[in-house]
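Note: the block below is query_3.txt and it holds compact mmCIF, C-alpha atoms and all ligand atoms.
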# COMPACT_ATOMS: atom_id res chain seq x y z
CA MET X 1 -124.42 -18.46 -99.33
CA TYR X 2 -125.50 -21.26 -96.98
CA ILE X 3 -127.43 -21.52 -93.73
CA ASN X 4 -126.64 -24.16 -91.09
CA PHE X 5 -123.00 -23.32 -90.41
CA TRP X 6 -121.07 -21.38 -87.76
CA TYR X 7 -120.32 -17.82 -88.82
CA PRO X 8 -118.10 -15.27 -87.09
CA VAL X 9 -120.23 -12.39 -85.80
CA CYS X 10 -117.63 -9.99 -84.37
CA LEU X 11 -114.42 -9.91 -82.36
CA SER X 12 -114.97 -10.54 -78.63
CA GLU X 13 -113.55 -7.10 -77.85
CA GLU X 14 -116.08 -5.38 -80.14
CA LEU X 15 -119.07 -6.48 -78.06
CA LYS X 16 -119.37 -4.41 -74.89
CA GLU X 17 -122.44 -2.91 -73.14
CA GLU X 18 -124.07 -1.66 -76.32
CA PRO X 19 -125.89 -3.94 -78.76
CA LEU X 20 -124.12 -4.43 -82.08
CA LYS X 21 -125.71 -4.72 -85.52
CA VAL X 22 -124.01 -7.19 -87.85
CA THR X 23 -124.96 -8.12 -91.39
CA ILE X 24 -124.27 -11.76 -92.30
CA LEU X 25 -125.59 -13.71 -95.32
CA GLY X 26 -127.35 -10.50 -96.41
CA LEU X 27 -129.53 -10.23 -93.26
CA ASP X 28 -129.20 -8.18 -90.09
CA PHE X 29 -128.53 -9.60 -86.64
CA VAL X 30 -128.10 -8.04 -83.23
CA ALA X 31 -125.41 -9.25 -80.85
CA PHE X 32 -125.45 -8.29 -77.17
CA ARG X 33 -124.04 -9.39 -73.81
CA ASP X 34 -126.06 -10.14 -70.70
CA SER X 35 -125.12 -9.18 -67.13
CA ASN X 36 -122.82 -12.26 -66.92
CA GLY X 37 -120.95 -11.15 -70.02
CA GLU X 38 -122.41 -14.00 -72.07
CA ALA X 39 -122.93 -13.15 -75.74
CA HIS X 40 -126.24 -13.65 -77.60
CA CYS X 41 -127.34 -13.21 -81.19
CA LEU X 42 -130.91 -12.54 -82.38
CA SER X 43 -132.51 -11.59 -85.66
CA ASP X 44 -132.40 -7.77 -85.69
CA ILE X 45 -135.97 -7.12 -86.85
CA CYS X 46 -138.55 -6.43 -84.17
CA VAL X 47 -141.76 -8.34 -84.89
CA HIS X 48 -143.94 -5.49 -83.61
CA ARG X 49 -143.52 -3.06 -86.48
CA GLY X 50 -140.06 -3.68 -87.81
CA GLY X 51 -137.78 -1.69 -85.52
CA SER X 52 -134.06 -2.50 -85.60
CA LEU X 53 -133.27 -4.04 -82.21
CA SER X 54 -129.61 -3.09 -82.43
CA GLY X 55 -130.66 0.57 -82.18
CA GLY X 56 -132.14 -0.15 -78.75
CA LEU X 57 -130.75 -0.72 -75.28
CA CYS X 58 -129.49 -3.70 -73.30
CA HIS X 59 -131.16 -3.96 -69.87
CA THR X 60 -128.99 -5.80 -67.38
CA GLU X 61 -131.72 -6.00 -64.68
CA ASP X 62 -133.74 -8.51 -66.77
CA ASN X 63 -131.07 -9.41 -69.36
CA THR X 64 -133.12 -8.22 -72.31
CA ILE X 65 -132.66 -6.06 -75.33
CA ALA X 66 -135.31 -3.38 -75.83
CA CYS X 67 -136.45 -2.22 -79.24
CA PRO X 68 -135.83 1.51 -79.74
CA TYR X 69 -139.30 2.08 -81.30
CA HIS X 70 -141.83 1.09 -78.58
CA GLY X 71 -139.59 -0.53 -76.00
CA TRP X 72 -140.63 -4.20 -76.34
CA ARG X 73 -138.10 -6.29 -74.45
CA PHE X 74 -136.70 -9.57 -75.82
CA ASP X 75 -134.69 -12.08 -73.81
CA LYS X 76 -131.75 -14.23 -74.99
CA THR X 77 -134.12 -16.89 -76.34
CA GLY X 78 -135.76 -14.25 -78.55
CA LYS X 79 -139.04 -14.22 -76.56
CA CYS X 80 -140.69 -10.90 -75.85
CA ILE X 81 -141.15 -10.65 -72.09
CA ARG X 82 -142.48 -7.10 -71.81
CA ILE X 83 -144.67 -4.86 -73.94
CA PRO X 84 -144.76 -1.46 -72.22
CA SER X 85 -147.96 -0.29 -73.97
CA LEU X 86 -149.91 -3.18 -72.38
CA GLY X 87 -149.01 -2.17 -68.83
CA LEU X 88 -147.55 -4.54 -66.25
CA LYS X 89 -150.41 -7.08 -66.41
CA GLY X 90 -150.65 -7.22 -70.20
CA LYS X 91 -150.61 -10.65 -71.83
CA ILE X 92 -147.73 -11.13 -74.28
CA PRO X 93 -148.93 -12.62 -77.62
CA PRO X 94 -147.18 -15.96 -78.36
CA ARG X 95 -146.11 -14.62 -81.76
CA ALA X 96 -144.05 -11.90 -80.06
CA LYS X 97 -140.68 -13.59 -80.53
CA VAL X 98 -137.66 -13.30 -82.81
CA ASP X 99 -135.15 -15.93 -83.92
CA SER X 100 -132.30 -16.61 -81.49
CA TYR X 101 -129.15 -18.47 -82.54
CA PRO X 102 -126.66 -20.71 -80.71
CA VAL X 103 -123.56 -18.68 -79.84
CA THR X 104 -120.05 -19.59 -78.77
CA GLU X 105 -116.97 -17.52 -78.09
CA LYS X 106 -113.55 -18.87 -79.11
CA TYR X 107 -110.26 -17.55 -80.53
CA ASP X 108 -111.38 -14.04 -79.42
CA ILE X 109 -114.26 -14.28 -81.86
CA ILE X 110 -118.01 -14.56 -81.24
CA PHE X 111 -119.59 -17.16 -83.51
CA ALA X 112 -123.27 -17.87 -84.18
CA PHE X 113 -124.77 -20.97 -85.74
CA LEU X 114 -127.08 -19.50 -88.37
CA GLY X 115 -129.59 -22.21 -89.08
CA ASP X 116 -132.26 -24.44 -87.61
CA LEU X 117 -130.51 -27.80 -87.23
CA PRO X 118 -130.76 -29.45 -83.82
CA GLU X 119 -127.48 -29.67 -81.92
CA GLU X 120 -126.67 -33.28 -82.86
CA GLU X 121 -126.89 -32.52 -86.58
CA ARG X 122 -124.80 -29.32 -86.58
CA SER X 123 -121.37 -29.08 -88.15
CA PRO X 124 -118.84 -28.43 -85.40
CA LEU X 125 -117.02 -25.12 -85.16
CA TYR X 126 -113.52 -25.66 -86.57
CA GLU X 127 -111.15 -26.73 -83.80
CA ILE X 128 -107.66 -25.19 -83.79
CA GLU X 129 -105.91 -27.94 -81.86
CA GLU X 130 -102.77 -26.01 -80.95
CA TYR X 131 -104.63 -22.87 -79.80
CA GLY X 132 -103.60 -22.05 -76.23
CA LYS X 133 -101.12 -24.99 -76.14
CA ASP X 134 -97.49 -24.74 -75.01
CA GLY X 135 -95.07 -24.24 -77.84
CA TRP X 136 -97.49 -22.18 -79.89
CA ARG X 137 -98.20 -18.47 -80.01
CA ALA X 138 -101.27 -16.79 -81.47
CA ASN X 139 -101.27 -13.29 -82.86
CA LYS X 140 -104.14 -11.08 -81.73
CA THR X 141 -107.10 -12.05 -83.94
CA VAL X 142 -107.67 -9.38 -86.61
CA THR X 143 -110.27 -8.78 -89.32
CA LEU X 144 -109.86 -7.91 -92.99
CA ASP X 145 -112.54 -6.34 -95.16
CA LEU X 146 -112.86 -7.63 -98.70
CA ASN X 147 -114.99 -6.21 -101.48
CA TYR X 148 -115.57 -9.58 -103.07
CA ASN X 149 -117.49 -12.80 -102.64
CA TYR X 150 -116.41 -15.10 -99.79
CA GLU X 151 -116.33 -18.23 -102.01
CA ARG X 152 -113.92 -16.48 -104.35
CA SER X 153 -111.86 -15.65 -101.27
CA ILE X 154 -111.87 -19.24 -99.97
CA GLU X 155 -110.87 -20.57 -103.39
CA ASN X 156 -108.00 -18.09 -103.51
CA ALA X 157 -106.69 -19.31 -100.17
CA LEU X 158 -106.86 -22.92 -101.42
CA ASP X 159 -105.28 -22.16 -104.82
CA PRO X 160 -101.73 -23.60 -105.08
CA ALA X 161 -100.85 -21.90 -108.39
CA HIS X 162 -101.35 -18.22 -107.59
CA ASN X 163 -98.51 -17.82 -105.10
CA GLU X 164 -95.89 -17.86 -107.81
CA PHE X 165 -97.48 -14.87 -109.51
CA ILE X 166 -99.29 -12.81 -106.89
CA HIS X 167 -96.78 -13.05 -104.06
CA PRO X 168 -93.25 -12.04 -105.08
CA THR X 169 -91.84 -13.36 -101.80
CA HIS X 170 -93.40 -16.82 -102.23
CA GLY X 171 -92.27 -17.78 -105.71
CA PHE X 172 -90.02 -17.07 -108.59
CA GLU X 173 -92.57 -14.94 -110.50
CA GLY X 174 -92.69 -17.37 -113.37
CA SER X 175 -88.96 -16.91 -114.09
CA LYS X 176 -88.01 -20.52 -113.34
CA ASN X 177 -88.24 -22.48 -116.58
CA ASP X 178 -89.05 -25.78 -114.90
CA TYR X 179 -91.77 -24.31 -112.64
CA GLN X 180 -94.85 -26.42 -112.28
CA VAL X 181 -97.38 -27.03 -109.55
CA ASN X 182 -96.78 -30.30 -107.75
CA PRO X 183 -99.80 -32.61 -107.58
CA SER X 184 -102.12 -31.95 -104.62
CA LYS X 185 -103.01 -34.80 -102.28
CA ILE X 186 -106.64 -34.33 -101.37
CA THR X 187 -108.61 -36.12 -98.67
CA GLU X 188 -112.27 -35.57 -97.92
CA THR X 189 -113.27 -34.80 -94.34
CA ALA X 190 -116.68 -34.86 -92.67
CA TRP X 191 -117.26 -31.15 -93.39
CA GLY X 192 -114.92 -30.37 -96.29
CA ALA X 193 -111.53 -31.53 -97.53
CA ASN X 194 -107.83 -31.29 -96.72
CA PHE X 195 -104.90 -31.06 -99.08
CA GLU X 196 -101.17 -31.55 -98.86
CA GLN X 197 -99.05 -29.61 -101.28
CA LEU X 198 -95.28 -29.37 -101.80
CA PHE X 199 -93.93 -25.95 -102.83
CA ASP X 200 -90.51 -24.81 -103.99
CA ALA X 201 -89.62 -21.91 -101.75
CA PRO X 202 -87.26 -19.16 -102.85
CA PRO X 203 -84.75 -17.48 -100.55
CA LEU X 204 -86.36 -14.62 -98.60
CA ASP X 205 -85.39 -10.98 -98.69
CA GLN X 206 -83.18 -10.11 -95.68
CA GLU X 207 -84.45 -6.55 -95.70
CA ILE X 208 -88.03 -7.62 -95.11
CA TYR X 209 -87.51 -10.76 -93.06
CA GLY X 210 -84.36 -9.83 -91.12
CA GLU X 211 -82.91 -12.69 -89.11
CA THR X 212 -85.93 -14.91 -89.90
CA ALA X 213 -85.15 -14.89 -93.64
CA ARG X 214 -84.55 -18.22 -95.39
CA GLU X 215 -81.16 -17.82 -97.07
CA GLU X 216 -81.29 -20.70 -99.57
CA SER X 217 -84.04 -21.97 -101.84
CA GLY X 218 -85.89 -24.80 -100.17
CA GLU X 219 -89.07 -26.75 -100.05
CA LEU X 220 -92.06 -26.36 -97.86
CA THR X 221 -95.23 -28.32 -97.44
CA VAL X 222 -98.60 -26.70 -96.99
CA TYR X 223 -101.32 -28.67 -95.22
CA GLY X 224 -104.54 -26.87 -95.93
CA GLY X 225 -108.20 -27.33 -96.49
CA TYR X 226 -111.67 -26.00 -95.96
CA HIS X 227 -114.24 -26.72 -93.27
CA GLY X 228 -117.83 -25.78 -94.05
CA PRO X 229 -118.31 -23.14 -96.72
CA ASN X 230 -116.46 -20.39 -94.89
CA VAL X 231 -113.37 -21.63 -93.03
CA VAL X 232 -110.03 -22.11 -94.73
CA ILE X 233 -106.85 -23.49 -93.22
CA THR X 234 -103.23 -22.98 -94.32
CA GLN X 235 -100.50 -24.69 -92.30
CA ILE X 236 -97.09 -23.83 -93.68
CA HIS X 237 -94.40 -26.32 -92.67
CA THR X 238 -90.77 -25.79 -93.51
CA LYS X 239 -88.59 -28.87 -93.12
CA LYS X 240 -87.43 -27.65 -89.70
CA GLU X 241 -89.89 -28.75 -87.05
CA THR X 242 -89.98 -25.37 -85.42
CA ASN X 243 -90.53 -22.89 -88.22
CA TRP X 244 -94.20 -23.36 -88.83
CA PHE X 245 -97.04 -20.92 -89.41
CA HIS X 246 -100.64 -22.03 -89.09
CA GLN X 247 -103.25 -19.67 -90.45
CA TYR X 248 -106.99 -19.94 -89.96
CA PHE X 249 -109.48 -17.77 -91.80
CA PHE X 250 -113.07 -17.69 -90.53
CA GLU X 251 -114.99 -15.84 -93.20
CA GLN X 252 -118.16 -13.83 -92.67
CA PRO X 253 -120.12 -13.35 -95.91
CA ILE X 254 -121.68 -9.93 -95.25
CA ASN X 255 -123.58 -10.40 -98.49
CA GLN X 256 -122.68 -11.83 -101.88
CA PHE X 257 -120.19 -9.09 -102.65
CA GLN X 258 -118.58 -8.20 -99.34
CA THR X 259 -116.71 -10.38 -96.87
CA LYS X 260 -115.12 -9.87 -93.46
CA VAL X 261 -112.32 -12.29 -92.68
CA PHE X 262 -111.45 -13.15 -89.07
CA PHE X 263 -107.82 -14.20 -89.14
CA VAL X 264 -106.11 -16.33 -86.48
CA ASN X 265 -102.36 -16.73 -86.99
CA MET X 266 -100.40 -19.30 -84.97
CA ARG X 267 -96.65 -19.98 -84.97
CA ASN X 268 -94.27 -22.33 -83.13
CA TRP X 269 -91.09 -20.23 -83.47
CA ILE X 270 -90.02 -16.61 -82.96
CA MET X 271 -92.18 -16.93 -79.86
CA GLU X 272 -91.44 -13.60 -78.20
CA GLU X 273 -94.10 -10.91 -78.30
CA LYS X 274 -91.75 -8.55 -80.14
CA TRP X 275 -92.23 -10.62 -83.30
CA ASP X 276 -96.02 -10.29 -83.34
CA GLU X 277 -96.00 -7.01 -85.20
CA MET X 278 -93.57 -8.18 -87.89
CA VAL X 279 -95.54 -11.39 -88.43
CA MET X 280 -98.84 -9.55 -88.81
CA GLU X 281 -97.33 -6.80 -90.96
CA ARG X 282 -95.96 -9.44 -93.30
CA ASN X 283 -99.31 -11.25 -93.41
CA LEU X 284 -101.13 -8.04 -94.22
CA ILE X 285 -98.73 -7.25 -97.09
CA ILE X 286 -99.43 -10.73 -98.51
CA ALA X 287 -103.21 -10.30 -98.03
CA GLY X 288 -102.99 -6.96 -99.84
CA GLU X 289 -101.40 -8.71 -102.84
CA ASP X 290 -104.35 -11.10 -102.98
CA ILE X 291 -106.94 -8.36 -102.52
CA THR X 292 -105.61 -6.33 -105.47
CA VAL X 293 -106.19 -9.21 -107.89
CA MET X 294 -109.29 -10.70 -106.28
CA THR X 295 -111.30 -7.47 -106.29
CA ASP X 296 -111.43 -7.53 -110.09
CA LEU X 297 -112.46 -11.18 -110.69
CA ARG X 298 -115.48 -11.63 -112.94
CA PRO X 299 -118.10 -12.87 -112.61
CA GLN X 300 -118.19 -11.71 -109.02
CA ILE X 301 -119.80 -14.99 -107.97
CA THR X 302 -118.21 -18.31 -108.95
CA PRO X 303 -119.91 -19.56 -112.15
CA ASP X 304 -122.51 -22.21 -111.58
CA THR X 305 -121.04 -24.69 -114.07
CA MET X 306 -117.44 -25.76 -114.65
CA THR X 307 -117.81 -25.06 -118.39
CA LYS X 308 -117.64 -21.32 -117.83
CA GLU X 309 -113.96 -21.52 -116.83
CA VAL X 310 -111.00 -23.56 -118.10
CA LEU X 311 -109.86 -25.65 -115.16
CA VAL X 312 -106.50 -27.49 -115.06
CA PRO X 313 -105.05 -30.01 -112.55
CA ALA X 314 -103.76 -27.21 -110.27
CA ASP X 315 -107.43 -26.22 -109.79
CA LEU X 316 -108.37 -29.62 -108.35
CA ILE X 317 -109.01 -28.46 -104.79
CA MET X 318 -111.33 -25.69 -106.03
CA GLY X 319 -113.31 -28.35 -107.90
CA GLN X 320 -113.54 -30.32 -104.66
CA TYR X 321 -114.77 -27.24 -102.77
CA ARG X 322 -117.46 -26.60 -105.39
CA LYS X 323 -118.53 -30.24 -105.21
CA THR X 324 -118.93 -30.03 -101.44
CA MET X 325 -120.94 -26.82 -101.77
CA LYS X 326 -123.24 -28.55 -104.27
CA SER X 327 -123.88 -31.29 -101.71
CA TRP X 328 -125.10 -28.64 -99.24
CA GLU X 329 -127.21 -27.07 -101.94
CA SER X 330 -128.93 -30.42 -102.47
CA LYS X 331 -129.60 -30.59 -98.71
CA GLY X 332 -131.51 -27.31 -98.99
CA TYR X 333 -128.96 -25.09 -97.20
CA LYS X 334 -128.29 -22.67 -100.08
CA ILE X 335 -129.92 -19.24 -99.93
CA ASP X 336 -131.94 -18.32 -103.00
CA SER X 337 -130.37 -14.88 -103.33
CA GLU X 338 -132.35 -13.91 -106.43
CA THR X 339 -135.71 -14.44 -104.74
CA LEU X 340 -134.39 -12.70 -101.65
CA ASP X 341 -133.27 -9.65 -103.65
CA LYS X 342 -136.54 -9.49 -105.55
CA ASN X 343 -138.60 -9.38 -102.34
CA LYS X 344 -136.33 -7.61 -99.89
CA HIS X 345 -138.18 -4.27 -99.91
CA LYS X 346 -141.62 -5.66 -99.21
CA MET X 347 -140.80 -8.59 -96.93
CA ALA X 348 -138.62 -9.03 -93.84
CA PHE X 349 -136.76 -12.34 -93.78
CA SER X 350 -134.93 -14.21 -91.11
CA ILE X 351 -132.63 -17.22 -91.01
CA PRO X 352 -134.69 -19.93 -89.26
CA CYS X 353 -133.34 -20.66 -85.78
CA PRO X 354 -133.43 -24.12 -84.08
CA ALA X 355 -136.59 -23.23 -82.10
CA ARG X 356 -138.55 -23.08 -85.37
CA LYS X 357 -138.32 -26.89 -85.53
CA GLN X 358 -140.19 -27.12 -82.19
CA GLU X 359 -142.58 -24.19 -82.13
CA LYS X 360 -144.98 -22.60 -84.57
CA ASN X 361 -146.14 -19.00 -84.73
CA TRP X 362 -143.20 -17.21 -86.32
CA VAL X 363 -143.80 -13.77 -87.74
CA LEU X 364 -140.94 -13.23 -90.17
CA ASP X 365 -140.69 -15.28 -93.33
CA SER X 366 -137.91 -17.83 -93.39
CA ILE X 367 -135.19 -16.89 -95.90
CA PRO X 368 -135.85 -18.48 -99.35
CA LEU X 369 -133.68 -21.55 -99.96
CA ILE X 370 -132.83 -23.47 -103.12
CA ASN X 371 -134.26 -27.01 -102.77
CA GLY X 372 -135.61 -25.84 -99.41
CA LYS X 373 -138.35 -27.82 -97.78
S1 LIG X 401 -141.26 -1.92 -83.56
FE1 LIG X 401 -140.21 -2.74 -81.93
S2 LIG X 401 -141.36 -2.23 -80.24
FE2 LIG X 401 -142.51 -1.44 -81.87
FE FE X 402 -102.53 -15.52 -101.76

Is it possible to express this structure as structure tokens?
Amino acid sequence: MYINFWYPVCLSEELKEEPLKVTILGLDFVAFRDSNGEAHCLSDICVHRGGSLSGGLCHTEDNTIACPYHGWRFDKTGKCIRIPSLGLKGKIPPRAKVDSYPVTEKYDIIFAFLGDLPEEERSPLYEIEEYGKDGWRANKTVTLDLNYNYERSIENALDPAHNEFIHPTHGFEGSKNDYQVNPSKITETAWGANFEQLFDAPPLDQEIYGETAREESGELTVYGGYHGPNVVITQIHTKKETNWFHQYFFEQPINQFQTKVFFVNMRNWIMEEKWDEMVMERNLIIAGEDITVMTDLRPQITPDTMTKEVLVPADLIMGQYRKTMKSWESKGYKIDSETLDKNKHKMAFSIPCPARKQEKNWVLDSIPLINGK
């Protein structure tokens, strides 16, 4: 798992008047809204004596969140602005502050940048160009809970060879003698890579797909890729210019073994609302086919070296993804999960926020990083 990227925190509709506790990258965060409805995200651990801020209350009169244990109030920047036990004139110690992260709300999702990079060095949040544009319709953003590692999940979404076998509606289930995966065209991007992949597409079952079913076998092209460690893109283009599905998966690694996927589905046909349910139902059936197989992959975390698996040309894009991840490891963004696990009962950790680059006096230890400075 890596710091210094944008991670989905929760759906916009999940964050109301109450603070919300969210676990991401194995640590706890609290999300809350101020009196203007603006969302904020802080480290959840109170620096007084370890209370969980998300168990406290949001105060709209001073836009703070109060710890449930002794009522210390923290503002959106993470600074403590009131310590009730000191009385109204009490001086707040400069160390009374928690990490606060940049937040943005888009695609009906609240995202936080979990890391300490200054704004100009941050990876951008993935931009869905057609979102909100004429000619495109988005399904309501939904989440999926996975009991497996997010990198395994991203690799599965990139994998061109599994469709034939996992998804009966997408392939010929290995029954076509001349089946083979077409070569992938891969291009590197600033924060990941894109691929272009031609698929043979079988006719679709009228019973499931009704009037949207493809009657003849055909071809379709998938333009996909990954952006950062946790966003995967699948744009399915049939030859017709109007029968396209674009799918965007923003993945939240809860920890190394659990993932919450925030799924944005766009389409440029069957535009009426009445089709939303069928489209999502179909997507969830397909996701369920992946989940059944993915839950049992071993080891649970992608092996550290390529020699522990037998990779073939259809695995090229996964190799590219692993290479990109290694480049972030060498920059010192990778969490040292073993050290974290070993110390988690006697130490409270936090992902360093951007203010740590400017100010000293932080109470919680910064999360251990591989090659970290
Ligand atoms: S532990 Fe939070 S106010 Fe005391
Ligand atoms: Fe799949």

Taking only residues of region 244-353 of chain X that have an atom at most 12 Å from an atom of region 46-61 of chain X, what is each one's shortest atom pair and its distance in Å to one decimal, using all atoms listed in the file, in chain and number order, as a tab-separated table?
residue	atom	partner	partner_atom	distance
X:Lys346	CA	X:Gly50	CA	11.7
X:Met347	CA	X:Gly50	CA	10.4
X:Ala348	CA	X:Gly50	CA	8.2
X:Phe349	CA	X:Val47	CA	11.0
X:Ser350	CA	X:Val47	CA	10.9

Handout entry: Protein and nucleic residues near ligand FE 402 (chain X), 12 Å, all atoms listed in the file, as a ChimeraX atom specification
Key = /X:152-171,234,283-294

Practice task
Go through X:Thr64, X:Asn343, X:Thr305, X:Asn371 one by one, measure the shortest atom-to-atom distance of each to Glu329 (chain X) using all atoms listed in the file, and give the residue with the smallest value.
Solution key: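 Going through X:Thr64, X:Asn343, X:Thr305, X:Asn371 one by one, the smallest distance to Glu329 (chain X) is for X:Asn371.
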
Practice task
Quote the spacing between CA of Ile317 (chain X) and CA of Asp304 (chain X) in Å to one decimal place.
Solution key: 16.4 Å

Give me the residues near Val98 (chain X) as a PDB file with C-alpha atoms, in the coordinates of the input, where near means some atom within 9 Å (using only C-alpha atoms) and where sequence neighbours in that chain fewer than 4 positions away do not count.
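Dumped everything to result_31.pdb:
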ATOM      1  CA  LEU X  42    -130.910 -12.540 -82.380  1.00  0.00           C
ATOM      2  CA  SER X  43    -132.510 -11.590 -85.660  1.00  0.00           C
ATOM      3  CA  ASP X  44    -132.400  -7.770 -85.690  1.00  0.00           C
ATOM      4  CA  ILE X  45    -135.970  -7.120 -86.850  1.00  0.00           C
ATOM      5  CA  CYS X  46    -138.550  -6.430 -84.170  1.00  0.00           C
ATOM      6  CA  VAL X  47    -141.760  -8.340 -84.890  1.00  0.00           C
ATOM      7  CA  PHE X  74    -136.700  -9.570 -75.820  1.00  0.00           C
ATOM      8  CA  THR X  77    -134.120 -16.890 -76.340  1.00  0.00           C
ATOM      9  CA  GLY X  78    -135.760 -14.250 -78.550  1.00  0.00           C
ATOM     10  CA  LYS X  79    -139.040 -14.220 -76.560  1.00  0.00           C
ATOM     11  CA  CYS X  80    -140.690 -10.900 -75.850  1.00  0.00           C
ATOM     12  CA  SER X 350    -134.930 -14.210 -91.110  1.00  0.00           C
ATOM     13  CA  TRP X 362    -143.200 -17.210 -86.320  1.00  0.00           C
ATOM     14  CA  VAL X 363    -143.800 -13.770 -87.740  1.00  0.00           C
ATOM     15  CA  LEU X 364    -140.940 -13.230 -90.170  1.00  0.00           C
TER      16      LEU X 364
END

Practice task
Work out how far CA of Ala66 (chain X) is from CA of Ser35 (chain X), in Å to one decimal.
Solution key: 14.6 Å

Exercise for the section: Pick out the closest residue to ligand LIG 401 (chain X) from this set: X:Pro229, X:Pro68, X:Gly192, X:Gly37. Count all atoms listed in the file. Expected result: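 Among X:Pro229, X:Pro68, X:Gly192, X:Gly37, it is X:Pro68 that comes nearest to ligand LIG 401 (chain X).
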
Handout entry: Within-10 Å shell of (-136.5, -20.8, -99.6) in input frame, only C-alpha atoms, as a PyMOL selection string
Key = chain X and resi 332-337+339-340+365-373

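Straight-line separation from CA of Pro19 (chain X) to CA of Ala31 (chain X): 5.7 Å.
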
Report the centre and edge lengths, in Å to one decimal, of an axis-aligned box enclosing every atom of region 216-235 of chain X listed in the file, padded by 8 Å on each side, as AutoDock Vina command-line options.
--center_x -99.8 --center_y -24.5 --center_z -97.1 --size_x 53.0 --size_y 24.3 --size_z 25.5

Problem - Neighbour list for region 194-203 of chain X as a PyMOL selection string, cut-off 9 Å, all atoms listed in the file, skip fewer than 4 positions in-chain - result: chain X and resi 158+160+169-172+179+181-189+213-227+233+317

Practice task
For a cut-off of 8 Å around (-100.8, -22.6, -86.0), file coordinates, pick out all residues using all atoms listed in the file and list them as an NGL selection string.
Solution key: :X and (128 or 130-131 or 136-138 or 235 or 244-248 or 265-268)

Handout entry: From X:Leu117, X:Leu86, X:Glu18, X:Cys41, residue lying nearest ligand LIG 401 (chain X) [all atoms listed in the file]
Key =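 Nearest to ligand LIG 401 (chain X): X:Leu86.
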
Fill in the blank from the handout: Among X:Ile24, X:Ile65, X:Val232, X:Met325, ligand LIG 401 (chain X) is approached most closely, using all atoms listed in the file, by X:Ile65

Exercise for the section: Select, from X:Arg322, X:Arg82, X:Lys240, X:Lys106, the residue with the minimum atom-to-atom distance to ligand LIG 401 (chain X), counting only C-alpha atoms and all ligand atoms. Expected result: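 Smallest separation from ligand LIG 401 (chain X) among the options: X:Arg82.
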
Practice task
Considering all atoms listed in the file, return as a PyMOL selection string whatever protein or nucleic-acid residues lie within 10 Å of Pro102 (chain X), sequence-local ones (same chain, fewer than 3 positions apart) excluded.
Solution key: chain X and resi 6+39-42+77+111-116+119+353-354

Start from the incomplete input, build N, CA and C atoms for region 342-353 of chain X, and deliver everything as a PDB file, in the frame of the given file.
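Just written: out09.pdb:
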ATOM      1  N   LYS X 342    -135.309  -9.940-104.909  1.00  0.00           N
ATOM      2  CA  LYS X 342    -136.540  -9.490-105.550  1.00  0.00           C
ATOM      3  C   LYS X 342    -137.575  -9.018-104.508  1.00  0.00           C
ATOM      4  N   ASN X 343    -137.551  -9.650-103.339  1.00  0.00           N
ATOM      5  CA  ASN X 343    -138.600  -9.380-102.340  1.00  0.00           C
ATOM      6  C   ASN X 343    -138.149  -8.539-101.154  1.00  0.00           C
ATOM      7  N   LYS X 344    -136.884  -8.144-101.149  1.00  0.00           N
ATOM      8  CA  LYS X 344    -136.330  -7.610 -99.890  1.00  0.00           C
ATOM      9  C   LYS X 344    -136.956  -6.285 -99.434  1.00  0.00           C
ATOM     10  N   HIS X 345    -137.598  -5.543-100.345  1.00  0.00           N
ATOM     11  CA  HIS X 345    -138.180  -4.270 -99.910  1.00  0.00           C
ATOM     12  C   HIS X 345    -139.593  -4.426 -99.367  1.00  0.00           C
ATOM     13  N   LYS X 346    -140.249  -5.515 -99.709  1.00  0.00           N
ATOM     14  CA  LYS X 346    -141.620  -5.660 -99.210  1.00  0.00           C
ATOM     15  C   LYS X 346    -141.768  -6.776 -98.166  1.00  0.00           C
ATOM     16  N   MET X 347    -140.718  -7.533 -97.935  1.00  0.00           N
ATOM     17  CA  MET X 347    -140.800  -8.590 -96.930  1.00  0.00           C
ATOM     18  C   MET X 347    -139.567  -8.543 -96.029  1.00  0.00           C
ATOM     19  N   ALA X 348    -139.774  -8.908 -94.748  1.00  0.00           N
ATOM     20  CA  ALA X 348    -138.620  -9.030 -93.840  1.00  0.00           C
ATOM     21  C   ALA X 348    -138.360 -10.523 -93.654  1.00  0.00           C
ATOM     22  N   PHE X 349    -137.117 -10.914 -93.892  1.00  0.00           N
ATOM     23  CA  PHE X 349    -136.760 -12.340 -93.780  1.00  0.00           C
ATOM     24  C   PHE X 349    -135.878 -12.575 -92.563  1.00  0.00           C
ATOM     25  N   SER X 350    -135.838 -13.834 -92.178  1.00  0.00           N
ATOM     26  CA  SER X 350    -134.930 -14.210 -91.110  1.00  0.00           C
ATOM     27  C   SER X 350    -134.382 -15.606 -91.395  1.00  0.00           C
ATOM     28  N   ILE X 351    -133.162 -15.856 -90.935  1.00  0.00           N
ATOM     29  CA  ILE X 351    -132.630 -17.220 -91.010  1.00  0.00           C
ATOM     30  C   ILE X 351    -133.386 -18.025 -89.950  1.00  0.00           C
ATOM     31  N   PRO X 352    -133.965 -19.182 -90.289  1.00  0.00           N
ATOM     32  CA  PRO X 352    -134.690 -19.930 -89.260  1.00  0.00           C
ATOM     33  C   PRO X 352    -133.744 -20.393 -88.156  1.00  0.00           C
ATOM     34  N   CYS X 353    -134.168 -20.233 -86.909  1.00  0.00           N
ATOM     35  CA  CYS X 353    -133.340 -20.660 -85.780  1.00  0.00           C
ATOM     36  C   CYS X 353    -133.806 -22.046 -85.322  1.00  0.00           C
TER      37      CYS X 353
END
